[in-house]
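A quick write-up on the structure given underneath.
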Amino acid sequence: MGDEVSVERARYDFKKAMQDIVDLRGRGTELISVYVPAHKQISDVTSYLRNEYSQSTNIKSKSTRKNVMGAIESIMARLKTFKTVPENGLVLFCGEVAAGGDQTRMVQYVLEPPEPMTVFLYRCDSTFFIEPLTDMLREKKSYGLIVMDRSEASIGLLIGKKVNLIKNFDSQVPRKHRQGGQSAQRFERLIELAAHEFFKKIANNAEEAFLEREDLQGIIVGGPGATKDFFVKEGYLHHELQKKVVDTFDTGYTDEYGLKELVTNAAAALHDMDLMREKDLIQRLLSEIRKQDGGLSAYGEDHVRELLIAGAVDTLLVSEGLDLKRVKLTCNNGHVKEFTTKNPPSKPSCDQCDSPVEDVEEMDLVDHFFELSETVGSKLELISADSEEGEMLIKAFGGVAALLRFQVMM
Ligand code: ZN
């Protein structure tokens, strides 16, 4: 699938769209919001909308009636393009919004939320109904959780503040007191063998649960006694996961309750990690910049773009607070102009030949960098706008900087 985007980009796009949507107002009660959970049939939604459509013929105000019916029609047309509802469901906003003076303009947003929608909702109001989505806007990174001893283990995920149990299982490791007749040595060996198998099973389950998760920030391991430390130290985990182990913490339990205990006991360490990540990146940038030859650093939108295209960028640092558009104009005579601006021109004409521009491509600047970095295989790290480091990235470096793979003379 070529159009698959990273989790981070999907989340950014969603957040950005929500920033636009929150300010939109209808002139009457005429903005339609529809929430479709994943398990819902498209045909059920369509028949629901058809019913709303026929009811809206009773609306007294002529313009409101026309706008409501237009919005419902437009949503139904859009739904036709889906065979099934995407994994996390679908949210549609549509309507005529005020656009200054007597003007209105039609807007339509079709969003796939970053987390599963569970309810079906239909609203018609003078604003779009976004409350169910606001919780999803909060930054939600995930951590892998393992609690274990020699008799039981649980695997879970911490997403935002929520602990999700993925699997709980018992071991076949015999208790440490021997039955009559067996030699002590042989019994000891059996115990160790069974424990080894159990640790491998825990590792396999962790691999299944964690390895494919792009947003996994780290893994924390808990349990009573020294077994958990042995498990980590002996390297039972897949090597990619082993690198992500943050630390081990004592817990009294190894069931679902133990997972919650683990999160409580690791809270301080987790909080620091989130903050540290951005700090580390900006510190690395600054220490490169301080070097006499500029080190492996670059900043400024245009310069970084050139280096990116040249394949010289290892990690791209982009501020989430960049509220800019990348615009590409192509006139009738084929002259092309590309630039970055806050407010794209509405009816541009060509600089070179004065003829009207037919083709205007417009893209959010952060998305533009997401796309470029995906093409050349560089990492993109979004830096939040409200941290001290994020502010510095905007003020001192124009919101775009890079850590380089190698130096380039340009
Ligand atoms: Zn031209």
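For the structure tokens, the naming scheme is as follows: chains receive sequential letters (A, B, ...) according to their order of presentation, residues are indexed from 1 within each chain, and ligands are indexed from 1 in presentation order.
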(request) Identify, on the basis of only C-alpha atoms, every residue whose closest approach to A:Val147 does not exceed 9 Å; exclude the query and any residue fewer than 4 positions from it along the same chain; express the result as a PyMOL selection string. (result) chain A and resi 152-156+220-224+228+251+253-256+258-259+262
Next, the residues of the selection above should be written as a short mmCIF file (atom, residue, chain, number, x, y, z; two decimals), in the first residue's frame with N, CA, C and O atoms.
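Output contents, as saved in selection_14.cif:
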```
data_model
loop_
_atom_site.label_atom_id
_atom_site.label_comp_id
_atom_site.auth_asym_id
_atom_site.auth_seq_id
_atom_site.Cartn_x
_atom_site.Cartn_y
_atom_site.Cartn_z
N GLU A 152 3.77 -17.08 36.93
CA GLU A 152 2.74 -16.37 36.17
C GLU A 152 3.37 -15.18 35.47
O GLU A 152 4.36 -14.62 35.94
N ALA A 153 2.77 -14.80 34.32
CA ALA A 153 3.23 -13.59 33.63
C ALA A 153 2.05 -12.90 32.98
O ALA A 153 1.06 -13.54 32.60
N SER A 154 2.14 -11.56 32.85
CA SER A 154 1.15 -10.79 32.11
C SER A 154 1.86 -9.81 31.20
O SER A 154 2.88 -9.24 31.57
N ILE A 155 1.29 -9.69 30.00
CA ILE A 155 1.81 -8.75 29.02
C ILE A 155 0.74 -7.69 28.81
O ILE A 155 -0.44 -8.03 28.69
N GLY A 156 1.15 -6.43 28.76
CA GLY A 156 0.16 -5.38 28.57
C GLY A 156 0.75 -4.19 27.84
O GLY A 156 1.94 -4.15 27.52
N ILE A 220 8.81 -1.63 30.11
CA ILE A 220 9.16 -1.73 31.52
C ILE A 220 8.74 -3.11 32.04
O ILE A 220 7.74 -3.66 31.63
N VAL A 221 9.57 -3.62 32.91
CA VAL A 221 9.40 -5.00 33.37
C VAL A 221 9.27 -5.00 34.89
O VAL A 221 10.05 -4.32 35.58
N GLY A 222 8.29 -5.73 35.41
CA GLY A 222 8.08 -5.77 36.85
C GLY A 222 7.82 -7.16 37.36
O GLY A 222 7.69 -8.11 36.58
N GLY A 223 7.73 -7.27 38.67
CA GLY A 223 7.44 -8.54 39.31
C GLY A 223 8.08 -8.58 40.68
O GLY A 223 8.93 -7.73 40.99
N PRO A 224 7.67 -9.56 41.49
CA PRO A 224 8.30 -9.68 42.80
C PRO A 224 9.65 -10.40 42.68
O PRO A 224 9.80 -11.26 41.81
N LYS A 228 12.55 -11.17 37.38
CA LYS A 228 12.44 -10.20 36.29
C LYS A 228 13.80 -9.68 35.86
O LYS A 228 14.06 -9.48 34.67
N THR A 251 6.97 -5.26 41.82
CA THR A 251 5.52 -5.25 42.02
C THR A 251 5.18 -6.48 42.87
O THR A 251 5.93 -7.45 42.90
N TYR A 253 2.34 -8.22 42.44
CA TYR A 253 1.49 -9.15 41.68
C TYR A 253 2.01 -9.33 40.25
O TYR A 253 2.77 -8.51 39.74
N THR A 254 1.54 -10.40 39.60
CA THR A 254 1.96 -10.66 38.22
C THR A 254 0.74 -10.83 37.32
O THR A 254 0.82 -11.37 36.24
N ASP A 255 -0.41 -10.34 37.77
CA ASP A 255 -1.63 -10.39 36.95
C ASP A 255 -1.95 -8.99 36.44
O ASP A 255 -1.09 -8.10 36.45
N GLU A 256 -3.19 -8.77 36.03
CA GLU A 256 -3.57 -7.46 35.51
C GLU A 256 -3.34 -6.37 36.54
O GLU A 256 -2.90 -5.26 36.22
N GLY A 258 -1.05 -6.36 38.70
CA GLY A 258 0.40 -6.14 38.70
C GLY A 258 0.83 -5.15 37.61
O GLY A 258 1.76 -4.36 37.81
N LEU A 259 0.15 -5.20 36.45
CA LEU A 259 0.46 -4.25 35.38
C LEU A 259 0.21 -2.81 35.84
O LEU A 259 0.99 -1.90 35.57
N LEU A 262 2.80 -1.76 38.24
CA LEU A 262 4.04 -1.47 37.52
C LEU A 262 4.04 -0.04 36.99
O LEU A 262 5.02 0.70 37.13
#
```
(request) Check stretch 101-197 of chain A with DSSP on the backbone and list each residue it calls strand (DSSP E), as a PyMOL selection string. (result) chain A and resi 104-111+121-125+142-148+152-159+162-170
Take the residues from that selection and write them out as a short mmCIF file (atom, residue, chain, number, x, y, z; two decimals), in the first residue's frame, keeping N, CA, C and O atoms.
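File selection.cif, as written:
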```cif
data_model
loop_
_atom_site.label_atom_id
_atom_site.label_comp_id
_atom_site.auth_asym_id
_atom_site.auth_seq_id
_atom_site.Cartn_x
_atom_site.Cartn_y
_atom_site.Cartn_z
N THR A 104 -20.56 32.30 2.28
CA THR A 104 -20.35 31.02 2.94
C THR A 104 -19.54 30.15 2.00
O THR A 104 -19.43 30.44 0.81
N ARG A 105 -18.93 29.13 2.57
CA ARG A 105 -18.27 28.16 1.71
C ARG A 105 -18.55 26.76 2.24
O ARG A 105 -18.74 26.56 3.44
N MET A 106 -18.58 25.82 1.31
CA MET A 106 -18.88 24.44 1.67
C MET A 106 -17.58 23.78 2.14
O MET A 106 -16.55 23.87 1.47
N VAL A 107 -17.63 23.13 3.29
CA VAL A 107 -16.46 22.36 3.72
C VAL A 107 -16.87 20.91 3.92
O VAL A 107 -18.02 20.61 4.24
N GLN A 108 -15.92 20.03 3.69
CA GLN A 108 -16.15 18.63 3.99
C GLN A 108 -14.86 18.02 4.51
O GLN A 108 -13.81 18.15 3.90
N TYR A 109 -14.93 17.41 5.66
CA TYR A 109 -13.77 16.71 6.24
C TYR A 109 -14.14 15.25 6.45
O TYR A 109 -15.21 14.96 6.98
N VAL A 110 -13.27 14.38 6.02
CA VAL A 110 -13.46 12.96 6.28
C VAL A 110 -12.23 12.49 7.03
O VAL A 110 -11.13 12.49 6.50
N LEU A 111 -12.41 12.12 8.28
CA LEU A 111 -11.26 11.78 9.11
C LEU A 111 -11.32 10.33 9.58
O LEU A 111 -12.39 9.83 9.90
N LEU A 121 -23.03 8.36 15.85
CA LEU A 121 -23.59 9.65 16.25
C LEU A 121 -23.97 10.45 15.02
O LEU A 121 -23.24 10.45 14.02
N TYR A 122 -25.09 11.15 15.11
CA TYR A 122 -25.46 12.10 14.06
C TYR A 122 -25.84 13.39 14.74
O TYR A 122 -26.65 13.40 15.68
N ARG A 123 -25.23 14.51 14.33
CA ARG A 123 -25.58 15.80 14.91
C ARG A 123 -25.77 16.83 13.83
O ARG A 123 -25.04 16.84 12.84
N CYS A 124 -26.75 17.70 14.04
CA CYS A 124 -26.91 18.85 13.17
C CYS A 124 -26.95 20.07 14.07
O CYS A 124 -27.84 20.18 14.92
N ASP A 125 -25.97 20.97 13.93
CA ASP A 125 -25.86 22.10 14.85
C ASP A 125 -25.20 23.27 14.13
O ASP A 125 -24.86 23.16 12.95
N SER A 142 2.93 4.83 23.51
CA SER A 142 2.66 3.57 24.19
C SER A 142 3.94 2.96 24.77
O SER A 142 5.04 3.17 24.26
N TYR A 143 3.77 2.24 25.84
CA TYR A 143 4.86 1.51 26.49
C TYR A 143 4.46 0.05 26.64
O TYR A 143 3.31 -0.25 26.93
N GLY A 144 5.42 -0.83 26.44
CA GLY A 144 5.18 -2.24 26.66
C GLY A 144 5.34 -2.56 28.14
O GLY A 144 6.23 -2.05 28.80
N LEU A 145 4.46 -3.42 28.65
CA LEU A 145 4.50 -3.79 30.07
C LEU A 145 4.63 -5.30 30.21
O LEU A 145 3.92 -6.05 29.55
N ILE A 146 5.54 -5.73 31.05
CA ILE A 146 5.65 -7.15 31.38
C ILE A 146 5.74 -7.28 32.90
O ILE A 146 6.57 -6.62 33.51
N VAL A 147 4.85 -8.08 33.50
CA VAL A 147 5.06 -8.44 34.91
C VAL A 147 5.17 -9.96 34.98
O VAL A 147 4.44 -10.68 34.30
N MET A 148 6.07 -10.45 35.81
CA MET A 148 6.36 -11.89 35.79
C MET A 148 7.06 -12.37 37.05
O MET A 148 7.74 -11.63 37.74
N GLU A 152 3.77 -17.08 36.93
CA GLU A 152 2.74 -16.37 36.17
C GLU A 152 3.37 -15.18 35.47
O GLU A 152 4.36 -14.62 35.94
N ALA A 153 2.77 -14.80 34.32
CA ALA A 153 3.23 -13.59 33.63
C ALA A 153 2.05 -12.90 32.98
O ALA A 153 1.06 -13.54 32.60
N SER A 154 2.14 -11.56 32.85
CA SER A 154 1.15 -10.79 32.11
C SER A 154 1.86 -9.81 31.20
O SER A 154 2.88 -9.24 31.57
N ILE A 155 1.29 -9.69 30.00
CA ILE A 155 1.81 -8.75 29.02
C ILE A 155 0.74 -7.69 28.81
O ILE A 155 -0.44 -8.03 28.69
N GLY A 156 1.15 -6.43 28.76
CA GLY A 156 0.16 -5.38 28.57
C GLY A 156 0.75 -4.19 27.84
O GLY A 156 1.94 -4.15 27.52
N LEU A 157 -0.11 -3.22 27.55
CA LEU A 157 0.33 -1.99 26.89
C LEU A 157 -0.20 -0.81 27.68
O LEU A 157 -1.36 -0.80 28.10
N LEU A 158 0.64 0.18 27.84
CA LEU A 158 0.20 1.44 28.41
C LEU A 158 0.03 2.41 27.25
O LEU A 158 0.99 2.74 26.55
N ILE A 159 -1.22 2.86 27.01
CA ILE A 159 -1.47 3.82 25.94
C ILE A 159 -2.08 5.05 26.58
O ILE A 159 -3.17 4.98 27.13
N LYS A 162 -4.00 4.68 29.91
CA LYS A 162 -4.79 3.47 30.03
C LYS A 162 -3.92 2.21 29.95
O LYS A 162 -3.09 2.07 29.06
N VAL A 163 -4.13 1.30 30.89
CA VAL A 163 -3.41 0.03 30.89
C VAL A 163 -4.28 -1.04 30.24
O VAL A 163 -5.41 -1.26 30.66
N ASN A 164 -3.77 -1.66 29.21
CA ASN A 164 -4.52 -2.72 28.53
C ASN A 164 -3.82 -4.06 28.71
O ASN A 164 -2.66 -4.21 28.33
N LEU A 165 -4.52 -5.01 29.27
CA LEU A 165 -3.98 -6.36 29.40
C LEU A 165 -4.06 -7.04 28.04
O LEU A 165 -5.10 -7.04 27.39
N ILE A 166 -2.95 -7.61 27.59
CA ILE A 166 -2.98 -8.33 26.32
C ILE A 166 -3.04 -9.84 26.56
O ILE A 166 -3.78 -10.55 25.91
N LYS A 167 -2.24 -10.31 27.51
CA LYS A 167 -2.23 -11.74 27.76
C LYS A 167 -1.76 -12.05 29.17
O LYS A 167 -0.89 -11.37 29.71
N ASN A 168 -2.37 -13.05 29.76
CA ASN A 168 -1.95 -13.52 31.07
C ASN A 168 -1.81 -15.03 31.00
O ASN A 168 -2.67 -15.70 30.44
N PHE A 169 -0.72 -15.58 31.49
CA PHE A 169 -0.57 -17.03 31.45
C PHE A 169 0.26 -17.57 32.61
O PHE A 169 1.09 -16.87 33.17
N ASP A 170 0.02 -18.85 32.93
CA ASP A 170 0.73 -19.51 34.02
C ASP A 170 1.84 -20.37 33.47
O ASP A 170 1.82 -20.75 32.30
#
```
(request) Give the residues close to ligand 1, within 8 Å, counting only C-alpha atoms and all ligand atoms; write them as a list in words. (result)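 If we count only C-alpha atoms and all ligand atoms, the neighbours of ligand 1 turn out to be Thr330, Cys331, Asn332, Asn333, Gly334, His335, Val336, Ser349, Cys350, Asp351, Gln352, Cys353, Asp354, Ser355, Pro356 and Val357 of chain A.
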(message) List the spatial neighbours of A:Ile75 as a PyMOL selection string - criterion: any atom at most 12 Å away, only C-alpha atoms, same-chain residues fewer than 4 positions off excluded.
(response) chain A and resi 31-36+42+45-46+48-50+52-53+68-71+79-82+90-95+106-110+122
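Taking atom CA of A:Pro37 and atom CA of A:Arg9 as endpoints, the distance between them is 21.9 Å.
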(request) Write down as a ChimeraX atom specification the residues of stretch 185-357 of chain A whose backbone DSSP state falls under alpha helix (DSSP H). (result) /A:185-210,227-233,239-242,256-290,301-309
(message) As an exercise, work out the distance from atom CA of A:Ala269 to atom CA of A:Lys244 in Å and give it to one decimal place.
(response)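 Separation between atom CA of A:Ala269 and atom CA of A:Lys244: 13.4 Å.
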(message) Need to verify the contact set: A:Ile191, 12 Å, only C-alpha atoms, exclusion of same-chain residues closer than 5 positions in sequence. Can you return it as a VMD selection string?
(response) chain A and resid 150 to 151 171 to 178 184 to 186 196 to 198
So that I have them on file, write out the residues from the current selection with N, CA and C atoms, as a PDB file, in the first residue's frame.
```pdb
ATOM      1  N   ARG A 150       8.181 -16.767  38.386  1.00  0.00           N
ATOM      2  CA  ARG A 150       8.344 -18.091  37.769  1.00  0.00           C
ATOM      3  C   ARG A 150       7.034 -18.840  37.597  1.00  0.00           C
ATOM      4  N   SER A 151       5.954 -18.307  38.147  1.00  0.00           N
ATOM      5  CA  SER A 151       4.705 -19.061  38.043  1.00  0.00           C
ATOM      6  C   SER A 151       3.645 -18.390  37.164  1.00  0.00           C
ATOM      7  N   SER A 171       2.785 -20.701  34.323  1.00  0.00           N
ATOM      8  CA  SER A 171       3.869 -21.583  33.884  1.00  0.00           C
ATOM      9  C   SER A 171       3.631 -22.995  34.373  1.00  0.00           C
ATOM     10  N   GLN A 172       4.429 -23.917  33.838  1.00  0.00           N
ATOM     11  CA  GLN A 172       4.384 -25.300  34.311  1.00  0.00           C
ATOM     12  C   GLN A 172       5.590 -25.587  35.206  1.00  0.00           C
ATOM     13  N   VAL A 173       6.211 -24.509  35.678  1.00  0.00           N
ATOM     14  CA  VAL A 173       7.401 -24.733  36.505  1.00  0.00           C
ATOM     15  C   VAL A 173       6.985 -25.330  37.846  1.00  0.00           C
ATOM     16  N   PRO A 174       7.546 -26.512  38.194  1.00  0.00           N
ATOM     17  CA  PRO A 174       7.146 -27.152  39.452  1.00  0.00           C
ATOM     18  C   PRO A 174       7.584 -26.327  40.651  1.00  0.00           C
ATOM     19  N   ARG A 175       6.844 -26.473  41.711  1.00  0.00           N
ATOM     20  CA  ARG A 175       7.233 -25.817  42.963  1.00  0.00           C
ATOM     21  C   ARG A 175       8.568 -26.371  43.429  1.00  0.00           C
ATOM     22  N   LYS A 176       9.202 -25.584  44.278  1.00  0.00           N
ATOM     23  CA  LYS A 176      10.583 -25.954  44.606  1.00  0.00           C
ATOM     24  C   LYS A 176      10.728 -27.074  45.637  1.00  0.00           C
ATOM     25  N   HIS A 177       9.621 -27.701  46.067  1.00  0.00           N
ATOM     26  CA  HIS A 177       9.878 -28.846  46.952  1.00  0.00           C
ATOM     27  C   HIS A 177       9.654 -30.162  46.206  1.00  0.00           C
ATOM     28  N   ARG A 178      10.565 -30.997  46.395  1.00  0.00           N
ATOM     29  CA  ARG A 178      10.718 -32.208  45.616  1.00  0.00           C
ATOM     30  C   ARG A 178       9.839 -33.314  46.161  1.00  0.00           C
ATOM     31  N   ALA A 184      17.637 -35.045  43.943  1.00  0.00           N
ATOM     32  CA  ALA A 184      17.582 -33.592  44.103  1.00  0.00           C
ATOM     33  C   ALA A 184      18.161 -32.887  42.884  1.00  0.00           C
ATOM     34  N   GLN A 185      19.229 -33.433  42.354  1.00  0.00           N
ATOM     35  CA  GLN A 185      19.913 -32.810  41.238  1.00  0.00           C
ATOM     36  C   GLN A 185      19.050 -32.818  39.975  1.00  0.00           C
ATOM     37  N   ARG A 186      18.449 -33.985  39.748  1.00  0.00           N
ATOM     38  CA  ARG A 186      17.609 -34.140  38.569  1.00  0.00           C
ATOM     39  C   ARG A 186      16.392 -33.211  38.658  1.00  0.00           C
ATOM     40  N   HIS A 196      13.242 -21.918  32.016  1.00  0.00           N
ATOM     41  CA  HIS A 196      13.811 -21.434  30.756  1.00  0.00           C
ATOM     42  C   HIS A 196      12.741 -21.413  29.667  1.00  0.00           C
ATOM     43  N   GLU A 197      11.957 -22.492  29.576  1.00  0.00           N
ATOM     44  CA  GLU A 197      10.871 -22.547  28.588  1.00  0.00           C
ATOM     45  C   GLU A 197       9.841 -21.451  28.851  1.00  0.00           C
ATOM     46  N   PHE A 198       9.552 -21.222  30.116  1.00  0.00           N
ATOM     47  CA  PHE A 198       8.565 -20.212  30.462  1.00  0.00           C
ATOM     48  C   PHE A 198       9.059 -18.814  30.076  1.00  0.00           C
TER      49      PHE A 198
END
```
(request) Find the distance between atom CA of A:Ala209 and atom CA of A:Glu234 and write it in Å to one decimal. (result)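 That distance, rounded to one decimal, is 20.3 Å.
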(message) Taking only C-alpha atoms into account, name the residue in A:Asp149, A:Val366, A:Val246, A:Ser43 that is nearest to A:Lys83.
(response)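 When distances to A:Lys83 are compared using only C-alpha atoms, the smallest one comes from A:Ser43.
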Residue neighbourhood A:Asp314, 9 Å, only C-alpha atoms, exclusion window fewer than 6 positions, as a PDB file with C-alpha atoms, in the first residue's frame:
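To be explicit, this is the file written out as around31.pdb:
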```
ATOM      1  CA  LEU A 308      17.138  16.302   2.512  1.00  0.00           C
ATOM      2  CA  GLY A 377      14.166   7.554   3.952  1.00  0.00           C
ATOM      3  CA  SER A 378      15.029  10.114   6.614  1.00  0.00           C
ATOM      4  CA  LYS A 379      13.481  10.142  10.059  1.00  0.00           C
ATOM      5  CA  LEU A 380      11.201  13.031  10.986  1.00  0.00           C
ATOM      6  CA  ALA A 402      18.352  18.595  10.750  1.00  0.00           C
ATOM      7  CA  LEU A 403      20.943  16.224  12.105  1.00  0.00           C
ATOM      8  CA  LEU A 404      23.023  15.097   9.145  1.00  0.00           C
ATOM      9  CA  ARG A 405      24.513  11.815   8.019  1.00  0.00           C
ATOM     10  CA  PHE A 406      27.491  13.585   6.485  1.00  0.00           C
TER      11      PHE A 406
END
```
(request) Find the spatial neighbours of A:Val318, counting only C-alpha atoms, within a cut-off of 6 Å - ignore same-chain residues fewer than 6 positions away - and output them as a list in words. (result) Leu382, Ile383, Gly399 and Val400 of chain A
